[in-house]
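Structure, as structure tokens:
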Amino acid sequence: MNVTELARRLKIPTSELKELLPRLGFDIGKKAIKVDDKSALMIIDKIRENPQIIEDFRKEKMPDQEEEAQALTEDSPEVEIPSIITVRDFAELLGKPVATIIQELMKNGILANLNEQIDYETANIIAEDFGFKTIAKDETEEKKNDEGEIGGMLKDKSGNLQSRPPIIVVMGHVDHGKTQLLDTIRKTKVAAKESGGITQHIGAYQAEKNGKKITFIDTPGHEAFTAMRSRGARVADIAVLVIAADDGIKPQTEEVIKIINNAKIPYIVAINKIDKPEADVEKVKNQLAQKNMLPEDWGGKVLTASVSAKTGQGIEELLDSLLLLADVEREKIQADPDQAAIGTIIESHIDKGEGPVATVIIRSGTLRKNDSVQVGQVVGKIKFMKDYTGKTLDTAGPSTPVKILGLKNIPVVGDILQTIKSDASLTKMMKKINTQKKLYQDKQQWQQTKKDKDKDEDEKVVNVILKADAYGSVEAIMQSLEVLQHDDIKVKIIKKGLGNINDNDVLQAEKSNALLIGFNVKSENLAKEIALEKDIKINHYSVIYDIIKHVKSEVEKLVEYETEIVEVGRAKVLAVFRTEKKNKIIGCLITKNKAELNAKVRILRDDKKIGEGEITKLQQNKADVKQIASGTECGVQITTLVDIKEGDFLEMYKEEIKN
């Protein structure tokens with residue numbers, strides 16, 4: 001974190017913070033630009049726990065200026081800053097020399113000349129460091145433009161609002177059958193209705209029940225749903241929580257429950273696998289009740305449906321329940337088909353023949369062929385659209401999932417698609433996005449260079465090279481790996497991309513000592529050959545949860561735990577039965593405490609240590625045992641290179657991790 005940003009959060013001048021920190025035990029240096037995140041949190045906690053520290057410091061340092069300083073804070077001049085501004089205009093706005101502004105930008109990791117542009121976030125930090133209060137220029141108008149029709153059209157109740165098909169997301173524990181449930185609904189409710197059935201996977205499809213359509217999102221998992229939610233997208237109207245009747249609520253199920261509650265969307269619990277002999281529906285309902293999710297048939301409000309995705313039992317009843325819940329929520333499940341299109345990206349990838357491809361679910365309005373669109377930092381013109389059956393469309397209305405081509409790049413999953421009024425607006429938007437992108441890249445590159453230069457050589461990092469089938473998968477995996485950060489160990493995605501693992505990926509993995517992970521992709525033949533030659537493992541996965549477990553295990557290998565020595569016992573060597581290169585089999589008398597299997601051993605001769613070993617086998621009366629009490633004779637196998645002799649002593653101990 002920048003020192004200036006830290007000072008802004010604590011609402012004190014940067015210079016004052018730098019003088020105060022040594023008194024708090026943080027010696028970061030008066031010329032420091034950044035503070036590591038861990039120290040920053042400790043500083044914030046320390047000052048917020050005792051805000052009087054600042055007042056005492058000010059009284060001691062500036063007793064005569066205390067009231068003046070307080071008044072200066074209250075009367076600080078206000079400046080109105082637009083979302084993008086040139087360095088020259090920013091300097092004029094603050095009444096400061098351009099050179100001073102450029103120097104301050106450099107301190108904060110940004111190299112920019114007087115004609116280059118900076119964003120509001122950067123300008124805000126610099127302005128506050130100079131003692132100015134900042135206001136975002138035309139903030140209300142900009143917010144309206146950025147959120148656009150999302151903030152206006154989706155909430156506008158004065159248009160031609162009509163009911164639209166509900167959008168359903170299916171989530172649950174990794175092996176509780178959510179994918180099979182989606183497949184069963186797809187086969188019974190789509191293939192029978194559409195000629196040729198579904199010809200391609202686009203991340204979503206529509207089923208039909210009682211003449212009403214239902215849109216189902218087929219995501220890589222609840223991680224992707226969270227990634228969408230983190231960008232503010234209301235992806236689904238209703239959630240289906242799948243719980244296996246033979247397994248019940250698992251830790252990952254609890255995680256999904258939290259996600260659904262945070263999303264604040266209605267849900268139905270589908271109790272799956274009721275065809276299994278060990279299925280216990282009532283047990284699952286009891287577990288739900290313990291989570292304050294009392295089922296409706298138990299007197300609560302939570303709808304449940306007992307189903308078997310394997311046999312199709314209960315599927316019709318589940319769809320009826322979804323339509324019933326959608327009817328209850330009908331005021332929220334409406335859209336105006338006459339307005340400009342607004343949608344959410346649920347899938348994106350690069351296709352060798354088609355280029356950037358994305359799947360969007362239209363939330364309001366109608367998307368048309370040849371429409372100019374903006375999706376986050378990506379723009380383009382819709383060349384053509386396909387539905388989930390592969391049929392080419394000219395228009396796509398509310399709740400329709402559609403595959404689109406024509407974007408200049410792959411958009412981020414969860415970003416909002418909006419139509420742009422004219423080609424001139426499209427050109428203007430492209431220039432603005434390119435300018436912002438250059439600023440961001442320059443800032444990131446400078447900060448990364450500085451970080452690499454300043455970082456501790458002892459810093460431990462688990463490097464990861466990630467290749468996946470779709471951008472949504474990459475986003476979901478990256479977000480999942482963020483939670484694995486340890487105080488002393490970081491997980492770093494040094495390369496990410498779409499498509500199969502190639503020879504360059506393998507060579508980079510060797511150079512950077514990185515984990516090479518592929519999600520729903522294959523390895524090219526040359527990549528396999530190089531990996532085999534250089535003894536590099538290529539890890540292929542089809543479940544995100546397995547990737548998390550793998551990377552977590554690698555992080556744990558690097559964690560240094562503080563250990564303590566726990567003495568176990570002492571034994572005297574009575575006889576040596578067999579001597580091998582690494583293993584010695586001996587007869588012993590336990591003279592103190594006990595002997596334990598897998599205990600480590602100090603080997604003593606004439607009260608002097610001659611080597612170490614480990615007990616790998618204990619026998620008493622020719623039977624294998626885990627421990628032997630004091631005063632007992634036994635057979636012991638020790639793994640050691642030391643030549644043990646009769647009359648030697650063994651001191652047995654264990655290393656235990658301190659709590």
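If you're wondering about the labels, chains in the structure tokens are A, B, ... by order shown, residues count from 1 in each chain, ligands from 1 in order shown.
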**OP:** Using only C-alpha atoms, determine which residues lie at most 9 Å from A:Asn513, disregarding the query and same-chain residues fewer than 6 positions distant; provide the list as a PyMOL selection string.
**Re:** chain A and resi 462-464
**OP:** Rank A:Asp36, A:Asp535, A:Asp183, A:Glu80 by their smallest atom-to-atom distance to A:Tyr205, using only C-alpha atoms, and report the top residue only.
**Re:**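 Checking each of A:Asp36, A:Asp535, A:Asp183, A:Glu80 against A:Tyr205, counting only C-alpha atoms, the winner is A:Asp183.
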**OP:** Find the residues near stretch 570-572 of chain A: any atom within 9 Å, counting only C-alpha atoms, skip ones fewer than 5 places away on the same chain, and give them as a ChimeraX atom specification.
**Re:** /A:587-595,630,646-652
With C-alpha atoms retained, export the selected residues as a JSON list (two decimals), in the first residue's frame.
```json
[["chain", "number", "residue", "atom", "x", "y", "z"],
["A", 587, "GLY", "CA", 17.14, -55.84, 20.52],
["A", 588, "CYS", "CA", 16.58, -53.21, 23.23],
["A", 589, "LEU", "CA", 15.55, -52.72, 26.83],
["A", 590, "ILE", "CA", 13.37, -49.65, 27.43],
["A", 591, "THR", "CA", 15.00, -48.01, 30.47],
["A", 592, "LYS", "CA", 12.96, -44.78, 30.68],
["A", 593, "ASN", "CA", 9.37, -43.78, 29.84],
["A", 594, "LYS", "CA", 8.52, -45.61, 26.58],
["A", 595, "ALA", "CA", 9.39, -46.26, 22.94],
["A", 630, "SER", "CA", 9.52, -48.92, 30.28],
["A", 646, "GLU", "CA", 25.71, -53.58, 21.72],
["A", 647, "GLY", "CA", 25.84, -51.25, 24.75],
["A", 648, "ASP", "CA", 24.83, -48.11, 22.80],
["A", 649, "PHE", "CA", 21.94, -46.04, 24.10],
["A", 650, "LEU", "CA", 18.99, -44.57, 22.19],
["A", 651, "GLU", "CA", 17.34, -41.30, 23.18],
["A", 652, "MET", "CA", 13.92, -41.14, 21.53]]
```
**OP:** Write down as a ChimeraX atom specification the residues of stretch 205-349 of chain A whose backbone DSSP state falls under helix (DSSP H, G or I).
**Re:** /A:222-229,251-263,281-290,296-298,315-328
Subject >> Using only C-alpha atoms: which of A:Ala341, A:Leu323, A:Ile410, A:Ile477 has the shortest distance to A:Val357 >> reply: A:Ile410
**OP:** Output as a VMD selection string all residues of stretch 231-431 of chain A that backbone DSSP marks as strand (DSSP E or B).
**Re:** chain A and resid 238 to 244 267 to 272 295 302 to 306 334 to 335 340 342 to 351 355 to 364 366 to 368 372 to 375 378 to 386 392 to 393 395 to 396 401 to 407 416 to 420
Original post:
Within 7 Å of A:Ser348, counting only C-alpha atoms, which residues qualify if same-chain residues fewer than 4 places away don't, as a list in words?
Top reply: Val357, Ala358, Thr359, Ile410, Pro411, Val413, Ala470, Tyr471 and Gly472 of chain A
Please dump the current selection as a PDB file, in the first residue's frame; keep N, CA and C atoms.
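Wrote it out as selection-v6.pdb, contents follow:
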```pdb
ATOM      1  N   VAL A 357     -15.072 -14.780 -28.572  1.00  0.00           N
ATOM      2  CA  VAL A 357     -16.459 -15.247 -28.505  1.00  0.00           C
ATOM      3  C   VAL A 357     -16.951 -15.094 -27.073  1.00  0.00           C
ATOM      4  N   ALA A 358     -18.198 -14.650 -26.909  1.00  0.00           N
ATOM      5  CA  ALA A 358     -18.757 -14.490 -25.564  1.00  0.00           C
ATOM      6  C   ALA A 358     -20.207 -14.945 -25.551  1.00  0.00           C
ATOM      7  N   THR A 359     -20.652 -15.378 -24.384  1.00  0.00           N
ATOM      8  CA  THR A 359     -22.065 -15.690 -24.185  1.00  0.00           C
ATOM      9  C   THR A 359     -22.649 -14.646 -23.249  1.00  0.00           C
ATOM     10  N   ILE A 410     -11.655 -10.486 -25.723  1.00  0.00           N
ATOM     11  CA  ILE A 410     -12.538 -11.287 -24.870  1.00  0.00           C
ATOM     12  C   ILE A 410     -12.922 -10.479 -23.632  1.00  0.00           C
ATOM     13  N   PRO A 411     -14.203 -10.372 -23.321  1.00  0.00           N
ATOM     14  CA  PRO A 411     -14.640  -9.624 -22.141  1.00  0.00           C
ATOM     15  C   PRO A 411     -14.480 -10.454 -20.869  1.00  0.00           C
ATOM     16  N   VAL A 413     -15.855 -12.228 -17.496  1.00  0.00           N
ATOM     17  CA  VAL A 413     -17.107 -12.809 -17.015  1.00  0.00           C
ATOM     18  C   VAL A 413     -17.696 -11.935 -15.918  1.00  0.00           C
ATOM     19  N   ALA A 470     -11.977 -21.426 -21.013  1.00  0.00           N
ATOM     20  CA  ALA A 470     -12.793 -20.223 -21.168  1.00  0.00           C
ATOM     21  C   ALA A 470     -12.363 -19.174 -20.153  1.00  0.00           C
ATOM     22  N   TYR A 471     -12.619 -17.907 -20.504  1.00  0.00           N
ATOM     23  CA  TYR A 471     -12.218 -16.808 -19.621  1.00  0.00           C
ATOM     24  C   TYR A 471     -12.934 -16.890 -18.286  1.00  0.00           C
ATOM     25  N   GLY A 472     -14.178 -17.359 -18.307  1.00  0.00           N
ATOM     26  CA  GLY A 472     -14.923 -17.486 -17.060  1.00  0.00           C
ATOM     27  C   GLY A 472     -14.249 -18.442 -16.101  1.00  0.00           C
TER      28      GLY A 472
END
```
Original post:
Skipping near chain neighbours, those fewer than 3 positions away, what residues fall within 8 Å of stretch 633-639 of chain A using only C-alpha atoms, listed as a list in words?
Top reply: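 Result of the neighbour search: Lys582, Asn583, Lys584, Ile585, Ile586, Gly587, Cys588, Leu589, Ile590, Gly613, Glu614, Ile615, Thr616, Lys617, Leu618, Gln619, Gln620, Asn621 and Ile628 of chain A.
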Original post:
If we count only C-alpha atoms, what is near A:Lys403 at a cut-off of 12 Å, once residues fewer than 3 positions away on the same chain are taken out, given as a PyMOL selection string?
Top reply: chain A and resi 200-205+343-349+354+356-362+367+369+382-396+400+406-407
Given the selection you just returned, output its residues as a file containing N, CA and C atoms, formatted as a compact mmCIF listing (two decimals), in the first residue's frame.
```txt
# COMPACT_ATOMS: atom_id res chain seq x y z
N GLN A 200 -24.13 -27.13 -29.51
CA GLN A 200 -22.91 -26.56 -28.96
C GLN A 200 -23.15 -26.07 -27.54
N HIS A 201 -22.06 -25.98 -26.79
CA HIS A 201 -22.14 -25.50 -25.41
C HIS A 201 -21.84 -24.01 -25.36
N ILE A 202 -22.77 -23.20 -24.87
CA ILE A 202 -22.52 -21.76 -24.79
C ILE A 202 -22.65 -21.24 -23.36
N GLY A 203 -22.78 -22.15 -22.39
CA GLY A 203 -22.81 -21.73 -20.99
C GLY A 203 -24.19 -21.53 -20.43
N ALA A 204 -25.23 -21.65 -21.25
CA ALA A 204 -26.61 -21.49 -20.78
C ALA A 204 -27.55 -22.08 -21.82
N TYR A 205 -28.76 -22.39 -21.38
CA TYR A 205 -29.78 -22.87 -22.32
C TYR A 205 -31.15 -22.57 -21.74
N GLY A 343 -27.07 -6.67 -20.80
CA GLY A 343 -26.88 -8.10 -20.51
C GLY A 343 -25.67 -8.36 -19.64
N THR A 344 -25.51 -9.61 -19.22
CA THR A 344 -24.39 -10.02 -18.38
C THR A 344 -23.60 -11.11 -19.10
N ILE A 345 -22.29 -10.95 -19.15
CA ILE A 345 -21.42 -11.95 -19.77
C ILE A 345 -21.25 -13.13 -18.81
N ILE A 346 -21.56 -14.34 -19.28
CA ILE A 346 -21.40 -15.52 -18.43
C ILE A 346 -20.33 -16.47 -18.94
N GLU A 347 -19.80 -16.22 -20.13
CA GLU A 347 -18.78 -17.10 -20.70
C GLU A 347 -18.02 -16.32 -21.77
N SER A 348 -16.71 -16.57 -21.90
CA SER A 348 -15.95 -15.94 -22.99
C SER A 348 -14.69 -16.76 -23.25
N HIS A 349 -14.29 -16.81 -24.51
CA HIS A 349 -13.08 -17.53 -24.88
C HIS A 349 -12.65 -17.10 -26.28
N GLU A 354 -13.19 -18.25 -35.03
CA GLU A 354 -14.14 -17.15 -34.88
C GLU A 354 -13.58 -15.95 -34.12
N PRO A 356 -12.57 -13.67 -30.74
CA PRO A 356 -13.20 -13.49 -29.42
C PRO A 356 -14.69 -13.86 -29.46
N VAL A 357 -15.07 -14.78 -28.57
CA VAL A 357 -16.46 -15.25 -28.50
C VAL A 357 -16.95 -15.09 -27.07
N ALA A 358 -18.20 -14.65 -26.91
CA ALA A 358 -18.76 -14.49 -25.56
C ALA A 358 -20.21 -14.94 -25.55
N THR A 359 -20.65 -15.38 -24.38
CA THR A 359 -22.06 -15.69 -24.19
C THR A 359 -22.65 -14.65 -23.25
N VAL A 360 -23.74 -14.05 -23.65
CA VAL A 360 -24.40 -13.01 -22.85
C VAL A 360 -25.85 -13.42 -22.60
N ILE A 361 -26.32 -13.17 -21.40
CA ILE A 361 -27.75 -13.32 -21.11
C ILE A 361 -28.36 -11.92 -21.08
N ILE A 362 -29.30 -11.68 -21.94
CA ILE A 362 -29.93 -10.36 -22.03
C ILE A 362 -30.83 -10.15 -20.81
N LEU A 367 -31.17 -7.21 -28.07
CA LEU A 367 -29.89 -7.10 -28.77
C LEU A 367 -30.10 -7.49 -30.23
N LYS A 369 -28.50 -7.77 -34.38
CA LYS A 369 -27.33 -7.89 -35.24
C LYS A 369 -26.91 -6.51 -35.72
N ILE A 382 -21.82 -6.30 -33.17
CA ILE A 382 -22.32 -7.66 -33.25
C ILE A 382 -22.37 -8.11 -34.72
N LYS A 383 -21.51 -9.07 -35.07
CA LYS A 383 -21.50 -9.60 -36.45
C LYS A 383 -22.59 -10.63 -36.64
N PHE A 384 -22.68 -11.56 -35.69
CA PHE A 384 -23.82 -12.47 -35.72
C PHE A 384 -23.97 -13.12 -34.35
N MET A 385 -25.17 -13.68 -34.13
CA MET A 385 -25.52 -14.29 -32.85
C MET A 385 -26.05 -15.70 -33.09
N LYS A 386 -25.79 -16.59 -32.11
CA LYS A 386 -26.32 -17.95 -32.15
C LYS A 386 -26.96 -18.28 -30.81
N ASP A 387 -28.03 -19.06 -30.86
CA ASP A 387 -28.62 -19.51 -29.60
C ASP A 387 -28.01 -20.84 -29.19
N TYR A 388 -28.54 -21.46 -28.12
CA TYR A 388 -27.96 -22.68 -27.57
C TYR A 388 -28.12 -23.90 -28.48
N THR A 389 -28.93 -23.78 -29.53
CA THR A 389 -29.06 -24.89 -30.48
C THR A 389 -28.17 -24.70 -31.71
N GLY A 390 -27.45 -23.56 -31.76
CA GLY A 390 -26.62 -23.26 -32.91
C GLY A 390 -27.35 -22.48 -33.99
N LYS A 391 -28.60 -22.14 -33.75
CA LYS A 391 -29.41 -21.39 -34.71
C LYS A 391 -28.98 -19.93 -34.74
N THR A 392 -28.80 -19.37 -35.93
CA THR A 392 -28.42 -17.97 -36.07
C THR A 392 -29.62 -17.07 -35.80
N LEU A 393 -29.38 -16.01 -35.00
CA LEU A 393 -30.44 -15.07 -34.63
C LEU A 393 -30.13 -13.68 -35.14
N ASP A 394 -31.18 -12.93 -35.43
CA ASP A 394 -31.04 -11.50 -35.75
C ASP A 394 -31.35 -10.64 -34.54
N THR A 395 -32.15 -11.17 -33.61
CA THR A 395 -32.48 -10.45 -32.39
C THR A 395 -32.49 -11.41 -31.20
N ALA A 396 -32.22 -10.87 -30.02
CA ALA A 396 -32.26 -11.66 -28.78
C ALA A 396 -32.93 -10.80 -27.71
N THR A 400 -32.70 -14.19 -22.82
CA THR A 400 -32.19 -15.09 -23.86
C THR A 400 -30.67 -15.23 -23.73
N GLY A 406 -17.86 -10.54 -32.72
CA GLY A 406 -17.68 -9.18 -33.20
C GLY A 406 -16.96 -8.28 -32.21
N LEU A 407 -16.69 -8.78 -31.00
CA LEU A 407 -15.97 -7.97 -30.00
C LEU A 407 -14.49 -7.90 -30.37
```
Subject >> Residue nearest A:Tyr120 - candidates A:Val87, A:Lys622, A:Pro82, A:Glu596, atoms counted: only C-alpha atoms >> reply: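 Among the listed residues, the smallest separation from A:Tyr120 belongs to A:Pro82.
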Original post:
When you draw a straight line from atom CA of A:Thr253 to atom CA of A:Glu329, how long is it in Å?
Top reply: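 Interatomic distance here is 24.6 Å.
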Subject >> Shell of 12 Å around A:Lys552, only C-alpha atoms, local chain residues under 5 positions omitted, as a list in words >> reply: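 What passes the distance filter is Val462, Val464, Ser480, Leu481, Glu482, Val483, Leu484, Gln485, His486, Ile489, Lys490, Val491, Leu515, Tyr545, Asp546, Ile547, Lys557, Leu558 and Val559 of chain A.
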**OP:** Rank nothing, just name the residue among A:Val373, A:Pro266, A:Val378, A:Phe130 nearest to A:Lys301, using only C-alpha atoms.
**Re:**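 For A:Lys301, the nearest of the given residues is A:Pro266.
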